[in-house]
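Chemist: File follows, input.cif with mmCIF, C-alpha atoms:
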data_data
loop_
_atom_site.label_atom_id
_atom_site.label_comp_id
_atom_site.auth_asym_id
_atom_site.auth_seq_id
_atom_site.Cartn_x
_atom_site.Cartn_y
_atom_site.Cartn_z
CA MET A 1 0.00 0.00 0.00
CA SER A 2 1.41 3.37 -0.96
CA ALA A 3 2.01 6.07 1.60
CA THR A 4 -0.88 8.08 0.19
CA THR A 5 -3.29 5.20 0.53
CA THR A 6 -2.19 4.55 4.08
CA GLY A 7 -2.76 8.22 4.81
CA LEU A 8 -6.23 8.04 3.36
CA VAL A 9 -7.45 5.08 5.33
CA ARG A 10 -5.71 5.28 8.64
CA THR A 11 -7.88 6.42 11.50
CA ALA A 12 -5.13 8.44 13.12
CA GLY A 13 -6.02 11.23 10.70
CA GLY A 14 -9.46 11.65 12.25
CA GLY A 15 -8.57 15.21 13.19
CA GLU A 16 -8.61 16.42 9.59
CA LEU A 17 -11.69 14.37 8.78
CA ALA A 18 -13.50 16.09 11.63
CA ALA A 19 -12.15 19.49 10.59
CA GLY A 20 -13.51 18.96 7.08
CA ALA A 21 -16.87 17.92 8.49
CA ARG A 22 -16.92 21.00 10.73
CA ALA A 23 -16.14 23.24 7.76
CA MET A 24 -19.18 21.76 6.00
CA ILE A 25 -21.65 22.56 8.80
CA PRO A 26 -22.37 26.18 7.75
CA TRP A 27 -23.19 24.89 4.26
CA LEU A 28 -25.74 22.47 5.67
CA ALA A 29 -27.91 25.38 6.82
CA GLY A 30 -28.62 26.18 3.17
CA VAL A 31 -28.33 22.68 1.75
CA VAL A 32 -30.68 20.81 4.10
CA PRO A 33 -33.76 23.03 3.45
CA PHE A 34 -33.06 22.72 -0.30
CA GLY A 35 -32.93 18.93 0.05
CA LEU A 36 -36.20 18.97 1.99
CA VAL A 37 -38.04 21.01 -0.64
CA ILE A 38 -36.63 18.82 -3.42
CA GLY A 39 -37.96 15.78 -1.56
CA VAL A 40 -41.37 17.38 -1.08
CA SER A 41 -41.56 18.38 -4.75
CA ALA A 42 -40.50 14.87 -5.79
CA ALA A 43 -43.33 13.42 -3.71
CA ARG A 44 -45.86 15.78 -5.36
CA ALA A 45 -44.53 15.14 -8.86
CA ASP A 46 -46.01 12.58 -11.19
CA ILE A 47 -43.12 10.12 -10.75
CA PRO A 48 -42.52 7.23 -8.32
CA ALA A 49 -41.40 8.57 -4.92
CA LEU A 50 -38.33 6.35 -4.98
CA ALA A 51 -37.34 7.70 -8.41
CA GLY A 52 -37.57 11.23 -6.99
CA TRP A 53 -35.29 10.26 -4.11
CA LEU A 54 -32.92 8.50 -6.53
CA THR A 55 -32.11 11.87 -8.14
CA GLY A 56 -30.10 12.44 -4.93
CA PRO A 57 -27.57 9.61 -5.18
CA ALA A 58 -27.67 9.51 -9.01
CA ILE A 59 -27.40 13.18 -10.03
CA TYR A 60 -26.24 14.59 -6.67
CA ALA A 61 -26.58 18.29 -7.55
CA GLY A 62 -29.65 20.18 -6.34
CA SER A 63 -30.46 22.44 -9.27
CA ALA A 64 -30.11 19.66 -11.85
CA GLN A 65 -32.29 17.44 -9.64
CA VAL A 66 -34.99 20.13 -9.52
CA ALA A 67 -34.89 20.52 -13.30
CA THR A 68 -35.14 16.75 -13.77
CA ILE A 69 -38.05 16.31 -11.35
CA GLU A 70 -40.03 19.32 -12.61
CA MET A 71 -39.52 18.38 -16.26
CA LEU A 72 -40.40 14.71 -15.69
CA HIS A 73 -43.55 15.94 -13.96
CA ALA A 74 -44.35 18.21 -16.91
CA GLY A 75 -43.89 15.30 -19.31
CA ALA A 76 -40.93 16.73 -21.23
CA ALA A 77 -39.07 14.60 -23.78
CA PRO A 78 -36.40 12.43 -22.08
CA ALA A 79 -33.53 13.76 -24.21
CA VAL A 80 -34.50 17.35 -23.40
CA ILE A 81 -34.55 16.61 -19.67
CA VAL A 82 -31.12 14.97 -19.75
CA ALA A 83 -29.70 17.84 -21.85
CA THR A 84 -31.09 20.46 -19.46
CA ALA A 85 -29.72 18.66 -16.39
CA LEU A 86 -26.31 18.34 -18.02
CA ILE A 87 -26.16 22.01 -19.07
CA ILE A 88 -26.87 22.92 -15.44
CA ASN A 89 -24.14 20.51 -14.30
CA LEU A 90 -21.54 21.64 -16.83
CA ARG A 91 -19.85 23.56 -14.03
CA LEU A 92 -18.76 20.21 -12.57
CA VAL A 93 -16.21 19.98 -15.40
CA LEU A 94 -14.66 23.18 -14.08
CA TYR A 95 -14.55 21.86 -10.53
CA SER A 96 -13.06 18.64 -11.83
CA GLY A 97 -10.36 20.59 -13.67
CA ALA A 98 -9.59 22.78 -10.67
CA ILE A 99 -9.23 19.94 -8.16
CA ALA A 100 -7.59 17.37 -10.49
CA ASN A 101 -4.09 18.56 -9.66
CA GLN A 102 -4.60 17.77 -5.98
CA TRP A 103 -5.75 14.24 -6.73
CA ARG A 104 -2.93 13.25 -9.05
CA GLY A 105 -1.14 10.13 -7.83
CA THR A 106 -3.97 8.96 -5.58
CA PRO A 107 -5.34 5.43 -6.06
CA ARG A 108 -7.96 5.04 -8.77
CA TRP A 109 -10.69 3.94 -6.34
CA TRP A 110 -10.11 7.05 -4.31
CA ARG A 111 -10.35 9.38 -7.30
CA ALA A 112 -13.50 7.57 -8.46
CA THR A 113 -15.14 8.03 -5.05
CA ALA A 114 -13.91 11.58 -4.47
CA ALA A 115 -15.13 12.61 -7.93
CA TYR A 116 -18.58 11.19 -7.22
CA LEU A 117 -18.79 13.42 -4.13
CA LEU A 118 -17.74 16.55 -6.06
CA VAL A 119 -20.37 19.30 -5.99
CA ASP A 120 -20.40 23.01 -5.10
CA PRO A 121 -20.06 22.81 -1.27
CA SER A 122 -17.59 19.91 -1.24
CA PHE A 123 -15.49 21.66 -3.89
CA VAL A 124 -15.23 24.84 -1.83
CA VAL A 125 -14.56 23.06 1.47
CA GLY A 126 -12.09 20.71 -0.24
CA MET A 127 -10.09 23.42 -2.03
CA ASP A 128 -9.93 25.35 1.23
CA GLY A 129 -8.50 22.26 2.93
CA TYR A 130 -5.80 21.79 0.28
CA GLU A 131 -4.80 25.43 0.67
CA ARG A 132 -4.43 25.05 4.41
CA HIS A 133 -2.56 21.75 4.50
CA SER A 134 0.86 21.38 2.94
CA ASP A 135 0.47 17.64 3.56
CA ARG A 136 -1.65 16.43 0.65
CA ALA A 137 -2.99 13.40 2.55
CA ALA A 138 -4.32 15.71 5.26
CA GLY A 139 -6.07 17.72 2.54
CA HIS A 140 -7.65 14.53 1.20
CA ARG A 141 -9.04 13.71 4.62
CA HIS A 142 -10.34 17.27 4.98
CA TYR A 143 -12.14 16.92 1.64
CA LEU A 144 -13.56 13.52 2.51
CA GLY A 145 -14.76 14.63 5.96
CA GLY A 146 -16.76 17.50 4.46
CA ALA A 147 -17.92 15.65 1.35
CA VAL A 148 -19.22 12.56 3.17
CA LEU A 149 -21.11 14.63 5.74
CA LEU A 150 -22.70 16.61 2.89
CA TRP A 151 -23.71 13.43 1.06
CA VAL A 152 -25.29 11.86 4.14
CA ALA A 153 -27.15 15.07 5.06
CA TRP A 154 -28.41 15.46 1.47
CA MET A 155 -29.77 11.90 1.27
CA ILE A 156 -31.51 12.24 4.65
CA ALA A 157 -32.98 15.67 3.79
CA ILE A 158 -34.43 14.43 0.48
CA GLY A 159 -35.72 11.24 2.13
CA VAL A 160 -37.47 13.21 4.88
CA GLY A 161 -38.91 15.58 2.26
CA VAL A 162 -40.25 12.71 0.15
CA THR A 163 -41.84 11.07 3.20
CA LEU A 164 -43.39 14.32 4.46
CA GLY A 165 -44.53 15.45 1.03
CA ALA A 166 -46.39 12.21 0.42
CA GLN A 167 -48.40 12.62 3.63
CA LEU A 168 -49.37 16.28 3.52
CA PRO A 169 -52.73 17.19 1.96
CA ALA A 170 -52.88 18.40 -1.66
CA MET A 171 -54.66 21.62 -0.65
CA LEU A 172 -51.37 22.89 0.80
CA ARG A 173 -50.15 23.19 -2.81
CA LEU A 174 -46.64 22.15 -1.83
CA GLU A 175 -45.66 21.87 -5.49
CA LEU A 176 -45.22 25.66 -5.33
CA ILE A 177 -42.52 25.47 -2.66
CA ILE A 178 -39.83 24.87 -5.29
CA PRO A 179 -40.69 27.88 -7.49
CA LEU A 180 -40.90 30.11 -4.39
CA TYR A 181 -37.65 28.72 -3.02
CA LEU A 182 -35.95 29.42 -6.35
CA VAL A 183 -37.42 32.96 -6.42
CA GLY A 184 -35.73 33.52 -3.05
CA GLU A 185 -32.41 32.16 -4.29
CA VAL A 186 -32.48 34.33 -7.39
CA VAL A 187 -33.71 37.56 -5.78
CA SER A 188 -31.13 37.36 -2.98
CA LYS A 189 -28.27 37.04 -5.46
CA LEU A 190 -29.04 39.82 -7.91
CA GLY A 191 -26.04 41.81 -6.74
CA ASP A 192 -24.46 42.73 -10.06
CA ARG A 193 -25.64 43.69 -13.51
CA ALA A 194 -24.54 40.53 -15.34
CA THR A 195 -26.32 38.24 -12.86
CA ARG A 196 -29.46 40.38 -13.01
CA ARG A 197 -29.40 40.20 -16.76
CA ALA A 198 -28.91 36.42 -16.70
CA ALA A 199 -31.84 35.94 -14.32
CA VAL A 200 -34.27 38.36 -15.96
CA THR A 201 -33.52 37.13 -19.49
CA ALA A 202 -33.89 33.50 -18.42
CA ALA A 203 -37.18 34.16 -16.60
CA VAL A 204 -38.74 36.14 -19.46
CA THR A 205 -37.55 33.64 -22.07
CA ALA A 206 -38.92 30.74 -20.02
CA VAL A 207 -42.39 32.30 -19.93
CA VAL A 208 -42.35 33.24 -23.62
CA ALA A 209 -41.01 29.79 -24.54
CA LEU A 210 -43.73 27.90 -22.64
CA ALA A 211 -45.35 27.12 -25.99
CA VAL A 212 -42.16 25.64 -27.45
CA PRO A 213 -42.65 21.91 -27.98
CA LEU A 214 -40.84 19.17 -26.01
CA HIS A 215 -40.50 21.58 -23.06
CA LEU A 216 -37.33 22.89 -24.62
CA GLY A 217 -38.21 26.24 -23.04
CA VAL A 218 -36.15 25.78 -19.87
CA LEU A 219 -33.05 24.83 -21.83
CA ILE A 220 -33.50 27.74 -24.27
CA ALA A 221 -34.09 30.08 -21.32
CA ILE A 222 -30.90 29.02 -19.50
CA ILE A 223 -28.80 29.46 -22.63
CA SER A 224 -30.38 32.88 -23.34
CA GLY A 225 -29.65 33.91 -19.76
CA LEU A 226 -26.00 32.88 -20.13
CA GLY A 227 -25.75 34.72 -23.43
CA ALA A 228 -27.25 37.85 -21.96
CA ALA A 229 -24.87 37.79 -18.97
CA LEU A 230 -21.83 37.38 -21.21
CA THR A 231 -22.78 40.45 -23.26
CA VAL A 232 -22.37 42.66 -20.21
CA LYS A 233 -19.22 44.68 -20.78
CA GLY A 234 -16.23 43.25 -19.00
CA GLY A 235 -18.36 40.30 -17.98
CA SER A 236 -18.08 41.36 -14.34
CA ARG A 237 -19.92 39.01 -11.97
CA MET B 238 -39.94 3.46 -16.54
CA THR B 239 -38.82 6.51 -18.53
CA ALA B 240 -38.32 8.46 -15.30
CA TRP B 241 -35.79 5.93 -14.02
CA VAL B 242 -33.83 5.92 -17.28
CA VAL B 243 -33.79 9.74 -17.47
CA ILE B 244 -32.56 10.03 -13.87
CA LEU B 245 -29.84 7.41 -14.36
CA LEU B 246 -28.67 8.99 -17.64
CA ALA B 247 -28.54 12.47 -16.09
CA GLY B 248 -26.63 10.91 -13.19
CA LEU B 249 -24.20 9.09 -15.44
CA GLY B 250 -23.55 12.25 -17.48
CA SER B 251 -23.00 14.25 -14.30
CA TYR B 252 -20.52 11.65 -13.05
CA LEU B 253 -18.62 11.80 -16.34
CA PHE B 254 -18.39 15.59 -15.93
CA ARG B 255 -17.05 15.14 -12.39
CA ILE B 256 -14.41 12.61 -13.38
CA SER B 257 -13.60 14.18 -16.79
CA MET B 258 -10.65 16.37 -15.91
CA ILE B 259 -9.35 13.90 -13.33
CA VAL B 260 -8.79 11.09 -15.83
CA VAL B 261 -7.14 13.45 -18.29
CA THR B 262 -3.44 13.05 -17.56
CA GLU B 263 -2.22 16.20 -19.24
CA ARG B 264 -3.27 19.51 -17.77
CA VAL B 265 -5.97 20.93 -20.00
CA SER B 266 -6.99 24.55 -19.86
CA LEU B 267 -10.69 25.07 -20.32
CA PRO B 268 -12.05 27.82 -22.54
CA ALA B 269 -12.26 31.09 -20.60
CA LYS B 270 -15.81 31.67 -21.87
CA LEU B 271 -16.94 28.41 -20.26
CA GLU B 272 -15.42 29.44 -16.97
CA GLN B 273 -17.07 32.84 -17.19
CA ALA B 274 -20.44 31.41 -18.20
CA SER B 275 -20.50 28.81 -15.44
CA GLY B 276 -20.97 31.49 -12.80
CA PHE B 277 -24.27 32.47 -14.39
CA VAL B 278 -25.71 28.99 -14.85
CA ALA B 279 -27.25 28.85 -11.36
CA PRO B 280 -29.09 32.21 -11.51
CA ALA B 281 -30.23 31.56 -15.09
CA ALA B 282 -31.40 28.01 -14.35
CA PHE B 283 -33.13 29.00 -11.10
CA ALA B 284 -34.90 31.93 -12.77
CA ALA B 285 -35.98 29.77 -15.73
CA LEU B 286 -37.30 26.96 -13.51
CA ALA B 287 -39.07 29.36 -11.13
CA ALA B 288 -40.69 31.31 -13.98
CA THR B 289 -41.81 28.11 -15.71
CA GLY B 290 -43.27 26.66 -12.49
CA ILE B 291 -45.16 29.85 -11.66
CA ALA B 292 -46.38 30.40 -15.23
CA VAL B 293 -47.64 26.83 -15.58
CA ALA B 294 -49.38 26.90 -12.19
CA SER B 295 -51.10 30.22 -12.90
CA LYS B 296 -52.22 29.02 -16.32
CA GLN B 297 -53.71 25.93 -14.69
CA SER B 298 -55.61 28.17 -12.27
CA GLY B 299 -57.88 29.17 -15.13
CA ASP B 300 -58.88 32.81 -14.68
CA PHE B 301 -57.09 35.73 -13.13
CA VAL B 302 -59.02 35.59 -9.84
CA GLN B 303 -57.93 32.00 -9.28
CA ALA B 304 -54.33 32.81 -10.21
CA ALA B 305 -54.21 35.96 -8.06
CA PRO B 306 -53.23 34.17 -4.79
CA LEU B 307 -50.22 32.61 -6.50
CA LEU B 308 -49.08 35.87 -8.10
CA ALA B 309 -49.53 37.64 -4.75
CA ALA B 310 -47.50 34.88 -3.09
CA VAL B 311 -44.66 35.44 -5.57
CA ALA B 312 -44.83 39.19 -4.94
CA ALA B 313 -44.76 38.60 -1.17
CA ALA B 314 -41.77 36.27 -1.59
CA ILE B 315 -39.82 38.83 -3.64
CA LEU B 316 -40.66 41.63 -1.20
CA ALA B 317 -39.67 39.56 1.83
CA VAL B 318 -36.30 38.64 0.29
CA ARG B 319 -35.64 42.27 -0.75
CA LEU B 320 -36.41 43.47 2.78
CA THR B 321 -34.44 40.85 4.69
CA GLY B 322 -31.75 39.87 2.18
CA ARG B 323 -32.32 36.22 3.12
CA SER B 324 -33.37 33.71 0.49
CA TYR B 325 -35.30 31.31 2.72
CA VAL B 326 -37.93 33.90 3.72
CA ALA B 327 -39.35 33.56 0.18
CA VAL B 328 -41.03 30.28 1.15
CA LEU B 329 -41.93 31.50 4.66
CA ALA B 330 -43.69 34.59 3.24
CA GLY B 331 -44.98 33.06 0.01
CA MET B 332 -46.72 29.88 1.17
CA PRO B 333 -48.85 31.47 3.96
CA THR B 334 -49.83 34.26 1.53
CA LEU B 335 -50.88 31.61 -0.97
CA TRP B 336 -52.92 29.67 1.62
CA LEU B 337 -54.59 32.76 3.06
CA LEU B 338 -55.57 34.28 -0.28
CA THR B 339 -56.72 30.91 -1.65
CA LEU B 340 -59.12 30.73 1.31
CA VAL B 341 -60.32 34.30 0.62
CA VAL B 342 -60.82 33.71 -3.12
CA GLY B 343 -62.47 30.36 -2.51
CA ALA B 344 -64.86 31.83 0.08
#
How does this structure look as structure tokens?

Modeler:
Amino acid sequence: MSATTTGLVRTAGGGELAAGARAMIPWLAGVVPFGLVIGVSAARADIPALAGWLTGPAIYAGSAQVATIEMLHAGAAPAVIVATALIINLRLVLYSGAIANQWRGTPRWWRATAAYLLVDPSFVVGMDGYERHSDRAAGHRHYLGGAVLLWVAWMIAIGVGVTLGAQLPAMLRLELIIPLYLVGEVVSKLGDRATRRAAVTAAVTAVVALAVPLHLGVLIAIISGLGAALTVKGGSR
Amino acid sequence: MTAWVVILLAGLGSYLFRISMIVVTERVSLPAKLEQASGFVAPAAFAALAATGIAVASKQSGDFVQAAPLLAAVAAAILAVRLTGRSYVAVLAGMPTLWLLTLVVGA
């Protein structure tokens, strides 16, 4: 067993694992409610409850999961749903590229597992860990500590949401929690001109494109929003 | 059946994205435009999904009176977030507004 592998599996490094998990806790405050509302919306959607929950372990990225669930519910064409989810998840390629250097030389099984756990919060917590530890193995444990806690919390939050959502009465109109939640996310992050333009263009296009067949509207709207943001001079965020 | 396949395909594609740059042995620099655009994917996607969800639900309501509680709920959500600067208050302000006004309209 190589030194790196030993470093990854030995329990003596529990300190960094715990530090990574602690660094993830502030993220959970935002992530857990999102997981709950995704679970509730999955339970209200016209798909099997277990399939809704499966978006968690399979796709493991909230916004792409929402798009998949909502579009399955709306009856969009399968290829369009997959394309929309993948456009939303394209950022994972960037995360992959940014963290790849840190993972060079690690065992293949470790890279395969660590990559599976890669998503916005684990990327940020992980990169922070690598910056703070000159010892690469300590950085790996920091990443894993945060990433595993995030994964477990996400699966539980969605599971609780699915269970709750299936039991609450239809008159509560819980299917509207997701749109309202997303309104909150968008409105609270309209800090700069390019982001505002991305959001407004995407929203207007989505409404106009409701009549577009195959439910291509969401995909068209996201791309229009990106285009609009990139036309802002200097592209400042 | 379709739902399962769609979810697994989206999951598989996402995993390939995650592992993509890690299996590439040479360091590859990604196009700068992609990097720049990726920062706007979340706001654009969230806005598109929210607008679609609200538009579809208000269309299903039938007439304007039936759709009014939903539109008021969205307005309340936006106002609450603007006032507090916190995203989660959108649901806390929006859902009770929706319930209350649905009762009023229904009565």

Chemist: Between atom CA of B:Ile244 and atom CA of A:Trp53, what is the distance in Å, rounded to a tenth?

Modeler: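 If I compute the distance from atom CA of B:Ile244 to atom CA of A:Trp53, I get 10.1 Å.
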
Chemist: Please report as a VMD selection string which residues of chain B come no farther than 8 Å from chain A, using all atoms listed in the file.

Modeler: chain B and resid 239 to 241 243 to 252 254 to 259 265 267 272 to 292 311 314 to 315 318 to 319 322 to 328 331 to 332 336

Chemist: Kindly resolve the PyMOL selection byres ((chain A and resi 155) around 8) on the present coordinates and return the residues as an MDAnalysis selection string.

Modeler: chainID A and resid 35 53 56:57 151:154 156:159

Chemist: Pick the closest to A:Val162 from A:Gly62, A:Gly39, A:Pro26, A:Gly20: which is it, counting only C-alpha atoms?

Modeler: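 Distance minimum relative to A:Val162 lands on A:Gly39.
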
Chemist: Quote the spacing between atom CA of A:Pro107 and atom CA of A:Arg141 in Å to one decimal place.

Modeler: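 So the two atoms, atom CA of A:Pro107 and atom CA of A:Arg141, lie 14.0 Å apart.
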
Chemist: Considering all atoms listed in the file, can you say which of A:Pro169, A:Gly161, A:Gly191, A:Gly145 comes closest to A:Val40?

Modeler: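 Going through A:Pro169, A:Gly161, A:Gly191, A:Gly145 one by one, the smallest distance to A:Val40 is for A:Gly161.
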
Chemist: Expressed in Å to a single decimal, how great is the separation between atom CA of A:Ala138 and atom CA of A:Glu16?

Modeler: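 Computing it gives 6.1 Å between the two atoms.
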
Chemist: Give the padded box for stretch 119-126 of chain A as JSON: axis-aligned, covering all atoms listed in the file, 4 Å on each side, centre and edge lengths in Å to one decimal.

Modeler:
{"center_x": -16.2, "center_y": 22.1, "center_z": -2.3, "size_x": 16.3, "size_y": 13.5, "size_z": 15.5}

Chemist: Report as a compact mmCIF listing (two decimals) with C-alpha atoms, in the frame of the given file the residues that result from applying the PyMOL selection byres ((chain A and resi 136) around 12) to the structure here.

Modeler:
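After the write, out-v4.txt holds the following:
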# COMPACT_ATOMS: atom_id res chain seq x y z
CA ALA A 3 2.01 6.07 1.60
CA THR A 4 -0.88 8.08 0.19
CA THR A 5 -3.29 5.20 0.53
CA GLY A 7 -2.76 8.22 4.81
CA LEU A 8 -6.23 8.04 3.36
CA GLU A 16 -8.61 16.42 9.59
CA ASN A 101 -4.09 18.56 -9.66
CA GLN A 102 -4.60 17.77 -5.98
CA TRP A 103 -5.75 14.24 -6.73
CA ARG A 104 -2.93 13.25 -9.05
CA GLY A 105 -1.14 10.13 -7.83
CA THR A 106 -3.97 8.96 -5.58
CA GLY A 126 -12.09 20.71 -0.24
CA MET A 127 -10.09 23.42 -2.03
CA GLY A 129 -8.50 22.26 2.93
CA TYR A 130 -5.80 21.79 0.28
CA GLU A 131 -4.80 25.43 0.67
CA ARG A 132 -4.43 25.05 4.41
CA HIS A 133 -2.56 21.75 4.50
CA SER A 134 0.86 21.38 2.94
CA ASP A 135 0.47 17.64 3.56
CA ALA A 137 -2.99 13.40 2.55
CA ALA A 138 -4.32 15.71 5.26
CA GLY A 139 -6.07 17.72 2.54
CA HIS A 140 -7.65 14.53 1.20
CA ARG A 141 -9.04 13.71 4.62
CA HIS A 142 -10.34 17.27 4.98
CA TYR A 143 -12.14 16.92 1.64

Chemist: So, with only C-alpha atoms as the atoms that count, which of A:Ala23, A:Leu17, A:Leu36, A:Ala166 lies closest to A:Val124?

Modeler: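 Of all the options, A:Ala23 lies closest to A:Val124.
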
Chemist: Skip A:Met24 itself and residues of its chain fewer than 4 positions away, then list as a list in words all residues within 8 Å of it, counting all atoms listed in the file.

Modeler: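 Final neighbour list, sorted by chain and number: Gly20, Leu28, Pro121, Ser122, Val125, Gly146, Ala147, Leu149 and Leu150 of chain A.
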
Chemist: Generate the missing atoms of stretch 248-269 of chain B up to N, CA and C atoms and report them as a PDB file, in the coordinates of the input.

Modeler:
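Just written: out.pdb:
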ATOM      1  N   GLY B 248     -27.627  11.217 -14.219  1.00  0.00           N
ATOM      2  CA  GLY B 248     -26.630  10.910 -13.190  1.00  0.00           C
ATOM      3  C   GLY B 248     -25.322  10.451 -13.796  1.00  0.00           C
ATOM      4  N   LEU B 249     -25.413   9.598 -14.789  1.00  0.00           N
ATOM      5  CA  LEU B 249     -24.200   9.090 -15.440  1.00  0.00           C
ATOM      6  C   LEU B 249     -23.436  10.241 -16.112  1.00  0.00           C
ATOM      7  N   GLY B 250     -24.175  11.096 -16.825  1.00  0.00           N
ATOM      8  CA  GLY B 250     -23.550  12.250 -17.480  1.00  0.00           C
ATOM      9  C   GLY B 250     -22.872  13.160 -16.470  1.00  0.00           C
ATOM     10  N   SER B 251     -23.561  13.389 -15.337  1.00  0.00           N
ATOM     11  CA  SER B 251     -23.000  14.250 -14.300  1.00  0.00           C
ATOM     12  C   SER B 251     -21.723  13.637 -13.742  1.00  0.00           C
ATOM     13  N   TYR B 252     -21.716  12.306 -13.577  1.00  0.00           N
ATOM     14  CA  TYR B 252     -20.520  11.650 -13.050  1.00  0.00           C
ATOM     15  C   TYR B 252     -19.360  11.785 -14.047  1.00  0.00           C
ATOM     16  N   LEU B 253     -19.679  11.647 -15.331  1.00  0.00           N
ATOM     17  CA  LEU B 253     -18.620  11.800 -16.340  1.00  0.00           C
ATOM     18  C   LEU B 253     -18.037  13.211 -16.304  1.00  0.00           C
ATOM     19  N   PHE B 254     -18.884  14.217 -16.067  1.00  0.00           N
ATOM     20  CA  PHE B 254     -18.390  15.590 -15.930  1.00  0.00           C
ATOM     21  C   PHE B 254     -17.429  15.678 -14.736  1.00  0.00           C
ATOM     22  N   ARG B 255     -17.842  15.062 -13.621  1.00  0.00           N
ATOM     23  CA  ARG B 255     -17.050  15.140 -12.390  1.00  0.00           C
ATOM     24  C   ARG B 255     -15.673  14.492 -12.557  1.00  0.00           C
ATOM     25  N   ILE B 256     -15.651  13.368 -13.276  1.00  0.00           N
ATOM     26  CA  ILE B 256     -14.410  12.610 -13.380  1.00  0.00           C
ATOM     27  C   ILE B 256     -13.586  13.080 -14.582  1.00  0.00           C
ATOM     28  N   SER B 257     -14.214  13.863 -15.498  1.00  0.00           N
ATOM     29  CA  SER B 257     -13.600  14.180 -16.790  1.00  0.00           C
ATOM     30  C   SER B 257     -12.163  14.686 -16.688  1.00  0.00           C
ATOM     31  N   MET B 258     -11.963  15.737 -15.933  1.00  0.00           N
ATOM     32  CA  MET B 258     -10.650  16.370 -15.910  1.00  0.00           C
ATOM     33  C   MET B 258      -9.666  15.602 -15.022  1.00  0.00           C
ATOM     34  N   ILE B 259     -10.219  14.661 -14.237  1.00  0.00           N
ATOM     35  CA  ILE B 259      -9.350  13.900 -13.330  1.00  0.00           C
ATOM     36  C   ILE B 259      -8.695  12.742 -14.077  1.00  0.00           C
ATOM     37  N   VAL B 260      -9.387  12.190 -15.066  1.00  0.00           N
ATOM     38  CA  VAL B 260      -8.790  11.090 -15.830  1.00  0.00           C
ATOM     39  C   VAL B 260      -7.878  11.595 -16.941  1.00  0.00           C
ATOM     40  N   VAL B 261      -8.031  12.873 -17.288  1.00  0.00           N
ATOM     41  CA  VAL B 261      -7.140  13.450 -18.290  1.00  0.00           C
ATOM     42  C   VAL B 261      -5.774  13.634 -17.648  1.00  0.00           C
ATOM     43  N   THR B 262      -4.744  13.016 -18.223  1.00  0.00           N
ATOM     44  CA  THR B 262      -3.440  13.050 -17.560  1.00  0.00           C
ATOM     45  C   THR B 262      -2.731  14.383 -17.773  1.00  0.00           C
ATOM     46  N   GLU B 263      -2.853  14.923 -18.967  1.00  0.00           N
ATOM     47  CA  GLU B 263      -2.220  16.200 -19.240  1.00  0.00           C
ATOM     48  C   GLU B 263      -3.112  17.313 -18.674  1.00  0.00           C
ATOM     49  N   ARG B 264      -2.491  18.380 -18.272  1.00  0.00           N
ATOM     50  CA  ARG B 264      -3.270  19.510 -17.770  1.00  0.00           C
ATOM     51  C   ARG B 264      -3.932  20.184 -18.983  1.00  0.00           C
ATOM     52  N   VAL B 265      -5.246  20.303 -18.897  1.00  0.00           N
ATOM     53  CA  VAL B 265      -5.970  20.930 -20.000  1.00  0.00           C
ATOM     54  C   VAL B 265      -6.528  22.252 -19.496  1.00  0.00           C
ATOM     55  N   SER B 266      -6.380  23.303 -20.287  1.00  0.00           N
ATOM     56  CA  SER B 266      -6.990  24.550 -19.860  1.00  0.00           C
ATOM     57  C   SER B 266      -8.341  24.675 -20.565  1.00  0.00           C
ATOM     58  N   LEU B 267      -9.345  24.985 -19.780  1.00  0.00           N
ATOM     59  CA  LEU B 267     -10.690  25.070 -20.320  1.00  0.00           C
ATOM     60  C   LEU B 267     -10.898  26.443 -20.939  1.00  0.00           C
ATOM     61  N   PRO B 268     -11.789  26.524 -21.926  1.00  0.00           N
ATOM     62  CA  PRO B 268     -12.050  27.820 -22.540  1.00  0.00           C
ATOM     63  C   PRO B 268     -12.499  28.842 -21.486  1.00  0.00           C
ATOM     64  N   ALA B 269     -11.958  30.055 -21.593  1.00  0.00           N
ATOM     65  CA  ALA B 269     -12.260  31.090 -20.600  1.00  0.00           C
ATOM     66  C   ALA B 269     -13.750  31.420 -20.588  1.00  0.00           C
TER      67      ALA B 269
END
